[in-house]
file protein-v6.cif (mmCIF, C-alpha atoms; chains and numbers go by the auth columns)
data_data
loop_
_atom_site.group_PDB
_atom_site.id
_atom_site.type_symbol
_atom_site.label_atom_id
_atom_site.label_comp_id
_atom_site.label_asym_id
_atom_site.label_seq_id
_atom_site.Cartn_x
_atom_site.Cartn_y
_atom_site.Cartn_z
_atom_site.B_iso_or_equiv
_atom_site.auth_seq_id
_atom_site.auth_asym_id
ATOM 1 C CA MET A 1 36.755 -59.211 20.053 0.00 436 E
ATOM 2 C CA PHE A 2 35.469 -58.174 23.498 0.00 437 E
ATOM 3 C CA ALA A 3 37.670 -55.059 23.500 0.00 438 E
ATOM 4 C CA ALA A 4 36.303 -54.008 20.101 0.00 439 E
ATOM 5 C CA ALA A 5 32.686 -54.506 21.198 0.00 440 E
ATOM 6 C CA LEU A 6 33.278 -52.617 24.453 0.00 441 E
ATOM 7 C CA SER A 7 34.946 -49.756 22.603 0.00 442 E
ATOM 8 C CA GLY A 8 32.019 -49.592 20.182 0.00 443 E
ATOM 9 C CA PHE A 9 29.541 -49.594 23.065 0.00 444 E
ATOM 10 C CA VAL A 10 31.333 -46.770 24.923 0.00 445 E
ATOM 11 C CA MET A 11 31.938 -44.583 21.877 0.00 446 E
ATOM 12 C CA GLY A 12 28.496 -45.249 20.446 0.00 447 E
ATOM 13 C CA GLY A 13 26.805 -44.442 23.750 0.00 448 E
ATOM 14 C CA THR A 14 28.755 -41.206 24.126 0.00 449 E
ATOM 15 C CA LEU A 15 27.752 -39.974 20.668 0.00 450 E
ATOM 16 C CA ILE A 16 24.114 -41.104 20.874 0.00 451 E
ATOM 17 C CA ILE A 17 23.513 -39.276 24.153 0.00 452 E
ATOM 18 C CA ALA A 18 24.806 -36.080 22.539 0.00 453 E
ATOM 19 C CA VAL A 19 22.141 -36.083 19.781 0.00 454 E
ATOM 20 C CA GLY A 20 19.803 -33.720 21.638 0.00 455 E
ATOM 21 C CA ALA A 21 17.065 -33.386 19.023 0.00 456 E
ATOM 22 C CA GLN A 22 16.392 -37.136 18.913 0.00 457 E
ATOM 23 C CA ASN A 23 16.344 -37.421 22.684 0.00 458 E
ATOM 24 C CA SER A 24 13.981 -34.460 23.118 0.00 459 E
ATOM 25 C CA PHE A 25 11.575 -35.894 20.568 0.00 460 E
ATOM 26 C CA LEU A 26 11.633 -39.364 22.127 0.00 461 E
ATOM 27 C CA ILE A 27 11.084 -38.005 25.652 0.00 462 E
ATOM 28 C CA GLU A 28 8.016 -36.079 24.482 0.00 463 E
ATOM 29 C CA GLN A 29 6.584 -39.097 22.653 0.00 464 E
ATOM 30 C CA SER A 30 7.226 -41.276 25.716 0.00 465 E
ATOM 31 C CA LEU A 31 5.457 -38.793 27.993 0.00 466 E
ATOM 32 C CA LYS A 32 2.489 -38.746 25.630 0.00 467 E
ATOM 33 C CA ARG A 33 2.718 -42.537 25.106 0.00 468 E
ATOM 34 C CA GLN A 34 2.459 -42.120 21.336 0.00 469 E
ATOM 35 C CA TRP A 35 4.064 -44.801 19.145 0.00 470 E
ATOM 36 C CA THR A 36 7.125 -44.789 21.407 0.00 471 E
ATOM 37 C CA GLY A 37 8.210 -48.312 20.545 0.00 472 E
ATOM 38 C CA LEU A 38 8.079 -47.564 16.826 0.00 473 E
ATOM 39 C CA PHE A 39 10.269 -44.477 17.165 0.00 474 E
ATOM 40 C CA VAL A 40 12.719 -46.319 19.422 0.00 475 E
ATOM 41 C CA LEU A 41 13.009 -48.945 16.684 0.00 476 E
ATOM 42 C CA LEU A 42 13.388 -46.257 14.007 0.00 477 E
ATOM 43 C CA PHE A 43 16.271 -44.578 15.845 0.00 478 E
ATOM 44 C CA ILE A 44 18.013 -47.887 16.553 0.00 479 E
ATOM 45 C CA VAL A 45 17.682 -49.063 12.944 0.00 480 E
ATOM 46 C CA SER A 46 18.874 -45.670 11.666 0.00 481 E
ATOM 47 C CA ASP A 47 21.958 -45.883 13.881 0.00 482 E
ATOM 48 C CA ALA A 48 22.609 -49.484 12.818 0.00 483 E
ATOM 49 C CA ILE A 49 22.367 -48.610 9.109 0.00 484 E
ATOM 50 C CA SER A 50 24.563 -45.527 9.353 0.00 485 E
ATOM 51 C CA ILE A 51 27.241 -47.117 11.564 0.00 486 E
ATOM 52 C CA SER A 52 27.356 -50.219 9.331 0.00 487 E
ATOM 53 C CA LEU A 53 27.702 -48.092 6.183 0.00 488 E
ATOM 54 C CA GLY A 54 30.468 -46.159 7.901 0.00 489 E
ATOM 55 C CA ALA A 55 32.301 -49.402 8.703 0.00 490 E
ATOM 56 C CA MET A 56 32.078 -50.326 5.017 0.00 491 E
ATOM 57 C CA GLY A 57 33.739 -47.057 4.044 0.00 492 E
ATOM 58 C CA PHE A 58 30.732 -45.053 2.867 0.00 493 E
ATOM 59 C CA GLY A 59 31.770 -42.181 5.138 0.00 494 E
ATOM 60 C CA LEU A 60 34.386 -41.261 2.535 0.00 495 E
ATOM 61 C CA LEU A 61 31.544 -40.208 0.209 0.00 496 E
ATOM 62 C CA LEU A 62 30.748 -37.335 2.591 0.00 497 E
ATOM 63 C CA GLN A 63 34.205 -35.935 2.007 0.00 498 E
ATOM 64 C CA GLU A 64 33.817 -36.214 -1.759 0.00 499 E
ATOM 65 C CA TYR A 65 30.433 -34.439 -1.885 0.00 500 E
ATOM 66 C CA PRO A 66 30.661 -31.403 0.428 0.00 501 E
ATOM 67 C CA LEU A 67 27.669 -29.773 -1.305 0.00 502 E
ATOM 68 C CA LEU A 68 25.419 -32.631 -0.132 0.00 503 E
ATOM 69 C CA VAL A 69 26.586 -32.119 3.446 0.00 504 E
ATOM 70 C CA SER A 70 26.021 -28.363 3.145 0.00 505 E
ATOM 71 C CA VAL A 71 22.473 -28.737 1.795 0.00 506 E
ATOM 72 C CA THR A 72 21.604 -31.221 4.529 0.00 507 E
ATOM 73 C CA LYS A 73 23.128 -28.955 7.159 0.00 508 E
ATOM 74 C CA TRP A 74 21.083 -25.878 6.286 0.00 509 E
ATOM 75 C CA ALA A 75 17.895 -27.880 5.839 0.00 510 E
ATOM 76 C CA GLY A 76 18.506 -29.258 9.333 0.00 511 E
ATOM 77 C CA VAL A 77 19.186 -25.803 10.772 0.00 512 E
ATOM 78 C CA ILE A 78 15.960 -24.383 9.320 0.00 513 E
ATOM 79 C CA PHE A 79 13.892 -27.345 10.514 0.00 514 E
ATOM 80 C CA LEU A 80 15.320 -27.290 14.051 0.00 515 E
ATOM 81 C CA LEU A 81 14.794 -23.524 14.383 0.00 516 E
ATOM 82 C CA TRP A 82 11.177 -23.936 13.237 0.00 517 E
ATOM 83 C CA PHE A 83 10.702 -26.799 15.695 0.00 518 E
ATOM 84 C CA ALA A 84 12.274 -24.730 18.506 0.00 519 E
ATOM 85 C CA PHE A 85 10.041 -21.734 17.704 0.00 520 E
ATOM 86 C CA ASN A 86 6.917 -23.894 17.969 0.00 521 E
ATOM 87 C CA LYS A 87 8.048 -25.301 21.330 0.00 522 E
ATOM 88 C CA LEU A 88 8.740 -21.800 22.651 0.00 523 E
ATOM 89 C CA LYS A 89 5.374 -20.608 21.366 0.00 524 E
ATOM 90 C CA ALA A 90 3.628 -23.534 23.097 0.00 525 E
ATOM 91 C CA SER A 91 5.350 -22.697 26.387 0.00 526 E
ATOM 92 C CA MET A 92 3.773 -19.231 26.423 0.00 527 E
ATOM 93 C CA ALA A 93 0.159 -20.401 26.313 0.00 528 E
ATOM 94 C CA ASP A 94 -2.060 -20.245 29.396 0.00 529 E
ATOM 95 C CA ASP A 95 -2.131 -23.223 31.797 0.00 530 E
ATOM 96 C CA ALA A 96 -5.298 -24.807 30.405 0.00 531 E
ATOM 97 C CA LEU A 97 -4.026 -24.637 26.825 0.00 532 E
ATOM 98 C CA VAL A 98 -0.570 -25.917 27.800 0.00 533 E
ATOM 99 C CA LEU A 99 -2.140 -28.956 29.475 0.00 534 E
ATOM 100 C CA GLU A 100 -4.498 -29.510 26.549 0.00 535 E
ATOM 101 C CA MET A 101 -1.603 -29.356 24.084 0.00 536 E
ATOM 102 C CA SER A 102 0.430 -31.797 26.191 0.00 537 E
ATOM 103 C CA LYS A 103 -2.340 -34.373 25.836 0.00 538 E
ATOM 104 C CA LYS A 104 -3.135 -33.653 22.183 0.00 539 E
ATOM 105 C CA GLN A 105 -2.435 -36.564 19.889 0.00 540 E
ATOM 106 C CA THR A 106 -0.006 -35.761 17.086 0.00 541 E
ATOM 107 C CA SER A 107 -0.886 -37.415 13.799 0.00 542 E
ATOM 108 C CA PHE A 108 1.312 -40.391 13.026 0.00 543 E
ATOM 109 C CA LYS A 109 2.396 -38.874 9.706 0.00 544 E
ATOM 110 C CA ARG A 110 3.556 -35.647 11.359 0.00 545 E
ATOM 111 C CA ALA A 111 5.320 -37.467 14.202 0.00 546 E
ATOM 112 C CA PHE A 112 7.035 -39.831 11.759 0.00 547 E
ATOM 113 C CA LEU A 113 8.264 -36.959 9.574 0.00 548 E
ATOM 114 C CA ILE A 114 9.633 -35.154 12.641 0.00 549 E
ATOM 115 C CA ALA A 115 11.400 -38.333 13.798 0.00 550 E
ATOM 116 C CA MET A 116 12.970 -38.766 10.358 0.00 551 E
ATOM 117 C CA ALA A 117 13.976 -35.102 10.255 0.00 552 E
ATOM 118 C CA VAL A 118 15.665 -35.020 13.680 0.00 553 E
ATOM 119 C CA THR A 119 17.655 -38.050 12.508 0.00 554 E
ATOM 120 C CA TRP A 120 18.377 -37.811 8.794 0.00 555 E
ATOM 121 C CA LEU A 121 18.360 -33.993 8.473 0.00 556 E
ATOM 122 C CA ASN A 122 20.868 -33.711 11.307 0.00 557 E
ATOM 123 C CA PRO A 123 24.433 -33.536 9.918 0.00 558 E
ATOM 124 C CA HIS A 124 25.726 -34.541 13.364 0.00 559 E
ATOM 125 C CA PHE A 125 24.045 -37.891 12.774 0.00 560 E
ATOM 126 C CA TYR A 126 26.081 -38.443 9.617 0.00 561 E
ATOM 127 C CA LEU A 127 29.319 -37.056 10.982 0.00 562 E
ATOM 128 C CA ASP A 128 29.086 -39.044 14.227 0.00 563 E
ATOM 129 C CA THR A 129 27.752 -42.388 13.018 0.00 564 E
ATOM 130 C CA LEU A 130 28.787 -42.607 9.374 0.00 565 E
ATOM 131 C CA LEU A 131 32.138 -40.812 9.437 0.00 566 E
ATOM 132 C CA LEU A 132 33.532 -40.898 12.977 0.00 567 E
ATOM 133 C CA MET A 133 32.200 -44.318 14.032 0.00 568 E
ATOM 134 C CA GLY A 134 33.073 -45.707 10.598 0.00 569 E
ATOM 135 C CA ASN A 135 36.665 -44.526 10.937 0.00 570 E
ATOM 136 C CA LEU A 136 36.912 -45.917 14.466 0.00 571 E
ATOM 137 C CA ALA A 137 35.495 -49.260 13.331 0.00 572 E
ATOM 138 C CA SER A 138 38.046 -49.549 10.521 0.00 573 E
ATOM 139 C CA GLN A 139 40.855 -49.268 13.072 0.00 574 E
ATOM 140 C CA TRP A 140 39.807 -52.624 14.536 0.00 575 E
ATOM 141 C CA GLN A 141 40.337 -54.322 11.166 0.00 576 E
ATOM 142 C CA LEU A 142 39.162 -57.972 11.544 0.00 577 E
ATOM 143 C CA ASP A 143 37.154 -57.091 14.682 0.00 578 E
ATOM 144 C CA LYS A 144 35.442 -54.053 13.194 0.00 579 E
ATOM 145 C CA TRP A 145 32.029 -55.749 13.105 0.00 580 E
ATOM 146 C CA TRP A 146 32.301 -56.455 16.819 0.00 581 E
ATOM 147 C CA PHE A 147 32.882 -52.716 17.235 0.00 582 E
ATOM 148 C CA VAL A 148 29.752 -52.073 15.159 0.00 583 E
ATOM 149 C CA CYS A 149 27.736 -54.555 17.262 0.00 584 E
ATOM 150 C CA GLY A 150 28.882 -52.830 20.440 0.00 585 E
ATOM 151 C CA ALA A 151 27.810 -49.442 19.069 0.00 586 E
ATOM 152 C CA ILE A 152 24.390 -50.796 18.055 0.00 587 E
ATOM 153 C CA TRP A 153 23.927 -52.279 21.534 0.00 588 E
ATOM 154 C CA ALA A 154 24.649 -48.846 22.984 0.00 589 E
ATOM 155 C CA SER A 155 21.877 -47.441 20.783 0.00 590 E
ATOM 156 C CA ILE A 156 19.457 -50.159 21.948 0.00 591 E
ATOM 157 C CA VAL A 157 20.266 -49.659 25.633 0.00 592 E
ATOM 158 C CA TRP A 158 20.020 -45.871 25.437 0.00 593 E
ATOM 159 C CA PHE A 159 16.791 -45.483 23.451 0.00 594 E
ATOM 160 C CA VAL A 160 14.926 -48.340 25.164 0.00 595 E
ATOM 161 C CA GLY A 161 16.120 -47.144 28.582 0.00 596 E
ATOM 162 C CA LEU A 162 15.264 -43.492 27.921 0.00 597 E
ATOM 163 C CA SER A 163 11.750 -44.233 26.672 0.00 598 E
ATOM 164 C CA THR A 164 11.024 -46.768 29.436 0.00 599 E
ATOM 165 C CA LEU A 165 12.237 -44.500 32.241 0.00 600 E
ATOM 166 C CA THR A 166 10.357 -41.508 30.866 0.00 601 E
ATOM 167 C CA ALA A 167 7.105 -43.465 30.488 0.00 602 E
ATOM 168 C CA LYS A 168 7.451 -44.819 34.030 0.00 603 E
ATOM 169 C CA PHE A 169 7.403 -41.310 35.498 0.00 604 E
ATOM 170 C CA ALA A 170 4.939 -39.826 33.003 0.00 605 E
ATOM 171 C CA HIS A 171 2.126 -39.732 35.574 0.00 606 E
ATOM 172 C CA LEU A 172 4.185 -37.330 37.692 0.00 607 E
ATOM 173 C CA MET A 173 4.601 -34.904 34.815 0.00 608 E
ATOM 174 C CA GLN A 174 1.003 -34.015 34.005 0.00 609 E
ATOM 175 C CA ARG A 175 1.129 -30.470 35.376 0.00 610 E
ATOM 176 C CA PRO A 176 1.010 -27.338 33.186 0.00 611 E
ATOM 177 C CA SER A 177 4.165 -25.970 34.829 0.00 612 E
ATOM 178 C CA PHE A 178 6.103 -29.107 33.867 0.00 613 E
ATOM 179 C CA TRP A 179 5.077 -28.916 30.232 0.00 614 E
ATOM 180 C CA ARG A 180 5.702 -25.165 30.106 0.00 615 E
ATOM 181 C CA TRP A 181 9.304 -25.618 31.266 0.00 616 E
ATOM 182 C CA PHE A 182 9.769 -28.817 29.270 0.00 617 E
ATOM 183 C CA ASN A 183 8.833 -26.953 26.093 0.00 618 E
ATOM 184 C CA ARG A 184 11.208 -24.128 26.987 0.00 619 E
ATOM 185 C CA LEU A 185 14.025 -26.586 27.644 0.00 620 E
ATOM 186 C CA ASN A 186 13.167 -28.363 24.401 0.00 621 E
ATOM 187 C CA ALA A 187 13.333 -25.068 22.514 0.00 622 E
ATOM 188 C CA ALA A 188 16.693 -24.257 24.119 0.00 623 E
ATOM 189 C CA VAL A 189 18.153 -27.666 23.213 0.00 624 E
ATOM 190 C CA LEU A 190 16.890 -27.488 19.635 0.00 625 E
ATOM 191 C CA GLY A 191 18.107 -23.904 19.275 0.00 626 E
ATOM 192 C CA ALA A 192 21.543 -24.839 20.606 0.00 627 E
ATOM 193 C CA VAL A 193 21.780 -27.799 18.219 0.00 628 E
ATOM 194 C CA SER A 194 20.790 -25.605 15.264 0.00 629 E
ATOM 195 C CA ILE A 195 23.438 -22.986 16.177 0.00 630 E
ATOM 196 C CA GLN A 196 26.021 -25.732 16.557 0.00 631 E
ATOM 197 C CA LEU A 197 25.101 -27.130 13.139 0.00 632 E
ATOM 198 C CA ALA A 198 25.269 -23.691 11.514 0.00 633 E
ATOM 199 C CA SER A 199 28.805 -23.241 12.838 0.00 634 E
ATOM 200 C CA LEU A 200 30.093 -26.517 11.362 0.00 635 E
#
call {"tool": "encode", "arguments": {"input": "protein-v6.cif", "output": "structure tokens"}}
result
Amino acid sequence: MFAAALSGFVMGGTLIIAVGAQNSFLIEQSLKRQWTGLFVLLFIVSDAISISLGAMGFGLLLQEYPLLVSVTKWAGVIFLLWFAFNKLKASMADDALVLEMSKKQTSFKRAFLIAMAVTWLNPHFYLDTLLLMGNLASQWQLDKWWFVCGAIWASIVWFVGLSTLTAKFAHLMQRPSFWRWFNRLNAAVLGAVSIQLASL
């Protein structure tokens, strides 16, 4: 029981940290203090749903419908490249505009759609949580739900910790130079994720 939960926590944490697009989005929302708690909850619930479905064997559907995976993959690639382009474009503005854009409130609808896209349009999300974590959970047989609980706890610890730590130091990050380089780093991460997805 404990071994299954610990294994789920370690494996879940390792995979969650690697989902760069989600983390970049959450860091930006935490710095801007915009609906952070809601998006933390959204990411945790999304992980919980996908990992639980994987433990029930739904990951096998991905292998039976490769066209669905392919469509999702290329939609994700296009979205992430568009998102990366906008971040790179924002990083090239003058200091006053960069600072103004860093404080600009994003509409809730737009932010929510981006949060959903970096999660559910990311094939890595399905492959990691639904397929890989589902297969790992099934190996624990009677203790598989303890494995799932451990993985969900990893999601809670990571997203709550990331948003809380970022918000705590937000006041130190209100300089144009920070946002300029943050946007460039964001663009690089998103671009790298999109290239990685395209190569799957």
call {"tool": "resolve_selection", "arguments": {"input": "protein-v6.cif", "expression": "the PyMOL selection byres ((chain E and resi 447) around 12)", "output": "CSV table (one decimal) with C-alpha atoms, in the frame of the given file"}}
result
chain,number,residue,atom,x,y,z
E,439,ALA,CA,36.3,-54.0,20.1
E,440,ALA,CA,32.7,-54.5,21.2
E,441,LEU,CA,33.3,-52.6,24.5
E,442,SER,CA,34.9,-49.8,22.6
E,443,GLY,CA,32.0,-49.6,20.2
E,444,PHE,CA,29.5,-49.6,23.1
E,445,VAL,CA,31.3,-46.8,24.9
E,446,MET,CA,31.9,-44.6,21.9
E,448,GLY,CA,26.8,-44.4,23.8
E,449,THR,CA,28.8,-41.2,24.1
E,450,LEU,CA,27.8,-40.0,20.7
E,451,ILE,CA,24.1,-41.1,20.9
E,452,ILE,CA,23.5,-39.3,24.2
E,453,ALA,CA,24.8,-36.1,22.5
E,454,VAL,CA,22.1,-36.1,19.8
E,479,ILE,CA,18.0,-47.9,16.6
E,482,ASP,CA,22.0,-45.9,13.9
E,483,ALA,CA,22.6,-49.5,12.8
E,485,SER,CA,24.6,-45.5,9.4
E,486,ILE,CA,27.2,-47.1,11.6
E,560,PHE,CA,24.0,-37.9,12.8
E,563,ASP,CA,29.1,-39.0,14.2
E,564,THR,CA,27.8,-42.4,13.0
E,565,LEU,CA,28.8,-42.6,9.4
E,567,LEU,CA,33.5,-40.9,13.0
E,568,MET,CA,32.2,-44.3,14.0
E,569,GLY,CA,33.1,-45.7,10.6
E,571,LEU,CA,36.9,-45.9,14.5
E,572,ALA,CA,35.5,-49.3,13.3
E,582,PHE,CA,32.9,-52.7,17.2
E,583,VAL,CA,29.8,-52.1,15.2
E,584,CYS,CA,27.7,-54.6,17.3
E,585,GLY,CA,28.9,-52.8,20.4
E,586,ALA,CA,27.8,-49.4,19.1
E,587,ILE,CA,24.4,-50.8,18.1
E,588,TRP,CA,23.9,-52.3,21.5
E,589,ALA,CA,24.6,-48.8,23.0
E,590,SER,CA,21.9,-47.4,20.8
E,591,ILE,CA,19.5,-50.2,21.9
E,592,VAL,CA,20.3,-49.7,25.6
E,593,TRP,CA,20.0,-45.9,25.4
call {"tool": "residues_around", "arguments": {"input": "protein-v6.cif", "residues": "Ala602 in chain E", "least_positions_apart": "3", "cutoff": "12 Å", "atoms": "all atoms listed in the file", "output": "MDAnalysis selection string"}}
result
chainID E and resid 461:472 595:599 605:609
call {"tool": "atom_distance", "arguments": {"input": "protein-v6.cif", "atom1": "CA of Trp509 in chain E", "atom2": "CA of Ala525 in chain E"}}
result
24.3 Å
call {"tool": "closest_residue", "arguments": {"input": "protein-v6.cif", "among": "E:Pro611, E:Val480, E:Met491, E:Phe617", "to": "Gln576 in chain E", "atoms": "only C-alpha atoms"}}
result
E:Met491
call {"tool": "atom_distance", "arguments": {"input": "protein-v6.cif", "atom1": "CA of Ser487 in chain E", "atom2": "CA of Val506 in chain E"}}
result
23.3 Å
call {"tool": "residues_around", "arguments": {"input": "protein-v6.cif", "residues": "Ile630 in chain E", "least_positions_apart": "2", "cutoff": "12 Å", "atoms": "only C-alpha atoms", "output": "PyMOL selection string"}}
result
chain E and resi 508-509+511-516+519+623-628+632-635
call {"tool": "write_last_selection", "arguments": {"input": "protein-v6.cif", "atoms": "C-alpha atoms", "output": "PDB file, in the frame of the given file"}}
result
ATOM      1  CA  LYS E 508      23.128 -28.955   7.159  1.00  0.00           C
ATOM      2  CA  TRP E 509      21.083 -25.878   6.286  1.00  0.00           C
ATOM      3  CA  GLY E 511      18.506 -29.258   9.333  1.00  0.00           C
ATOM      4  CA  VAL E 512      19.186 -25.803  10.772  1.00  0.00           C
ATOM      5  CA  ILE E 513      15.960 -24.383   9.320  1.00  0.00           C
ATOM      6  CA  PHE E 514      13.892 -27.345  10.514  1.00  0.00           C
ATOM      7  CA  LEU E 515      15.320 -27.290  14.051  1.00  0.00           C
ATOM      8  CA  LEU E 516      14.794 -23.524  14.383  1.00  0.00           C
ATOM      9  CA  ALA E 519      12.274 -24.730  18.506  1.00  0.00           C
ATOM     10  CA  ALA E 623      16.693 -24.257  24.119  1.00  0.00           C
ATOM     11  CA  VAL E 624      18.153 -27.666  23.213  1.00  0.00           C
ATOM     12  CA  LEU E 625      16.890 -27.488  19.635  1.00  0.00           C
ATOM     13  CA  GLY E 626      18.107 -23.904  19.275  1.00  0.00           C
ATOM     14  CA  ALA E 627      21.543 -24.839  20.606  1.00  0.00           C
ATOM     15  CA  VAL E 628      21.780 -27.799  18.219  1.00  0.00           C
ATOM     16  CA  LEU E 632      25.101 -27.130  13.139  1.00  0.00           C
ATOM     17  CA  ALA E 633      25.269 -23.691  11.514  1.00  0.00           C
ATOM     18  CA  SER E 634      28.805 -23.241  12.838  1.00  0.00           C
ATOM     19  CA  LEU E 635      30.093 -26.517  11.362  1.00  0.00           C
TER      20      LEU E 635
END
call {"tool": "atom_distance", "arguments": {"input": "protein-v6.cif", "atom1": "CA of Ser629 in chain E", "atom2": "CA of His559 in chain E"}}
result
10.4 Å
call {"tool": "resolve_selection", "arguments": {"input": "protein-v6.cif", "expression": "the PyMOL selection byres ((chain E and resi 547-550) around 9)", "output": "list of chain:residue names"}}
result
E:Gln457, E:Phe460, E:Leu461, E:Phe474, E:Leu477, E:Phe478, E:Phe518, E:Ser542, E:Phe543, E:Lys544, E:Arg545, E:Ala546, E:Met551, E:Ala552, E:Val553, E:Thr554, E:Trp555
call {"tool": "axis_aligned_box", "arguments": {"input": "protein-v6.cif", "around": "range 566-582 of chain E", "padding_each_side": "8 Å", "output": "lines of an AutoDock Vina configuration file"}}
result
center_x = 36.4
center_y = -49.4
center_z = 13.3
size_x = 24.8
size_y = 33.2
size_z = 23.8
call {"tool": "closest_residue", "arguments": {"input": "protein-v6.cif", "among": "E:Leu523, E:Leu488, E:Leu556, E:Ala438", "to": "Asn621 in chain E", "atoms": "only C-alpha atoms"}}
result
E:Leu523
call {"tool": "decode", "arguments": {"input": "protein-v6.cif", "residues": "range 583-603 of chain E", "atoms": "N, CA and C atoms", "output": "compact mmCIF listing (two decimals), in the first residue's frame"}}
result
# COMPACT_ATOMS: atom_id res chain seq x y z
N VAL E 583 -2.48 5.52 -7.75
CA VAL E 583 -3.18 6.68 -8.32
C VAL E 583 -3.23 7.82 -7.31
N CYS E 584 -3.55 7.51 -6.06
CA CYS E 584 -3.60 8.54 -5.00
C CYS E 584 -2.24 9.21 -4.82
N GLY E 585 -1.18 8.40 -4.86
CA GLY E 585 0.16 8.96 -4.74
C GLY E 585 0.47 9.92 -5.88
N ALA E 586 0.08 9.54 -7.09
CA ALA E 586 0.32 10.39 -8.27
C ALA E 586 -0.47 11.70 -8.18
N ILE E 587 -1.71 11.61 -7.69
CA ILE E 587 -2.53 12.82 -7.54
C ILE E 587 -1.95 13.74 -6.48
N TRP E 588 -1.41 13.16 -5.40
CA TRP E 588 -0.77 13.97 -4.37
C TRP E 588 0.45 14.70 -4.93
N ALA E 589 1.17 14.04 -5.82
CA ALA E 589 2.32 14.68 -6.46
C ALA E 589 1.87 15.89 -7.25
N SER E 590 0.74 15.76 -7.94
CA SER E 590 0.17 16.87 -8.72
C SER E 590 -0.22 18.02 -7.79
N ILE E 591 -0.85 17.70 -6.66
CA ILE E 591 -1.26 18.73 -5.70
C ILE E 591 -0.04 19.47 -5.15
N VAL E 592 0.96 18.70 -4.70
CA VAL E 592 2.16 19.30 -4.12
C VAL E 592 2.87 20.19 -5.13
N TRP E 593 3.00 19.70 -6.37
CA TRP E 593 3.75 20.46 -7.37
C TRP E 593 3.05 21.76 -7.76
N PHE E 594 1.78 21.68 -8.14
CA PHE E 594 1.08 22.86 -8.64
C PHE E 594 0.82 23.88 -7.54
N VAL E 595 0.44 23.43 -6.35
CA VAL E 595 0.24 24.36 -5.23
C VAL E 595 1.57 24.99 -4.84
N GLY E 596 2.64 24.18 -4.77
CA GLY E 596 3.95 24.68 -4.40
C GLY E 596 4.49 25.66 -5.41
N LEU E 597 4.36 25.33 -6.70
CA LEU E 597 4.86 26.21 -7.76
C LEU E 597 4.17 27.56 -7.75
N SER E 598 2.85 27.55 -7.65
CA SER E 598 2.09 28.81 -7.67
C SER E 598 2.36 29.64 -6.42
N THR E 599 2.46 28.98 -5.27
CA THR E 599 2.69 29.69 -4.00
C THR E 599 4.07 30.32 -3.98
N LEU E 600 5.08 29.58 -4.39
CA LEU E 600 6.45 30.08 -4.40
C LEU E 600 6.61 31.23 -5.39
N THR E 601 6.00 31.09 -6.56
CA THR E 601 6.08 32.14 -7.57
C THR E 601 5.42 33.42 -7.07
N ALA E 602 4.22 33.29 -6.50
CA ALA E 602 3.49 34.46 -6.00
C ALA E 602 4.26 35.16 -4.87
N LYS E 603 4.96 34.37 -4.06
CA LYS E 603 5.71 34.93 -2.93
C LYS E 603 6.81 35.86 -3.40
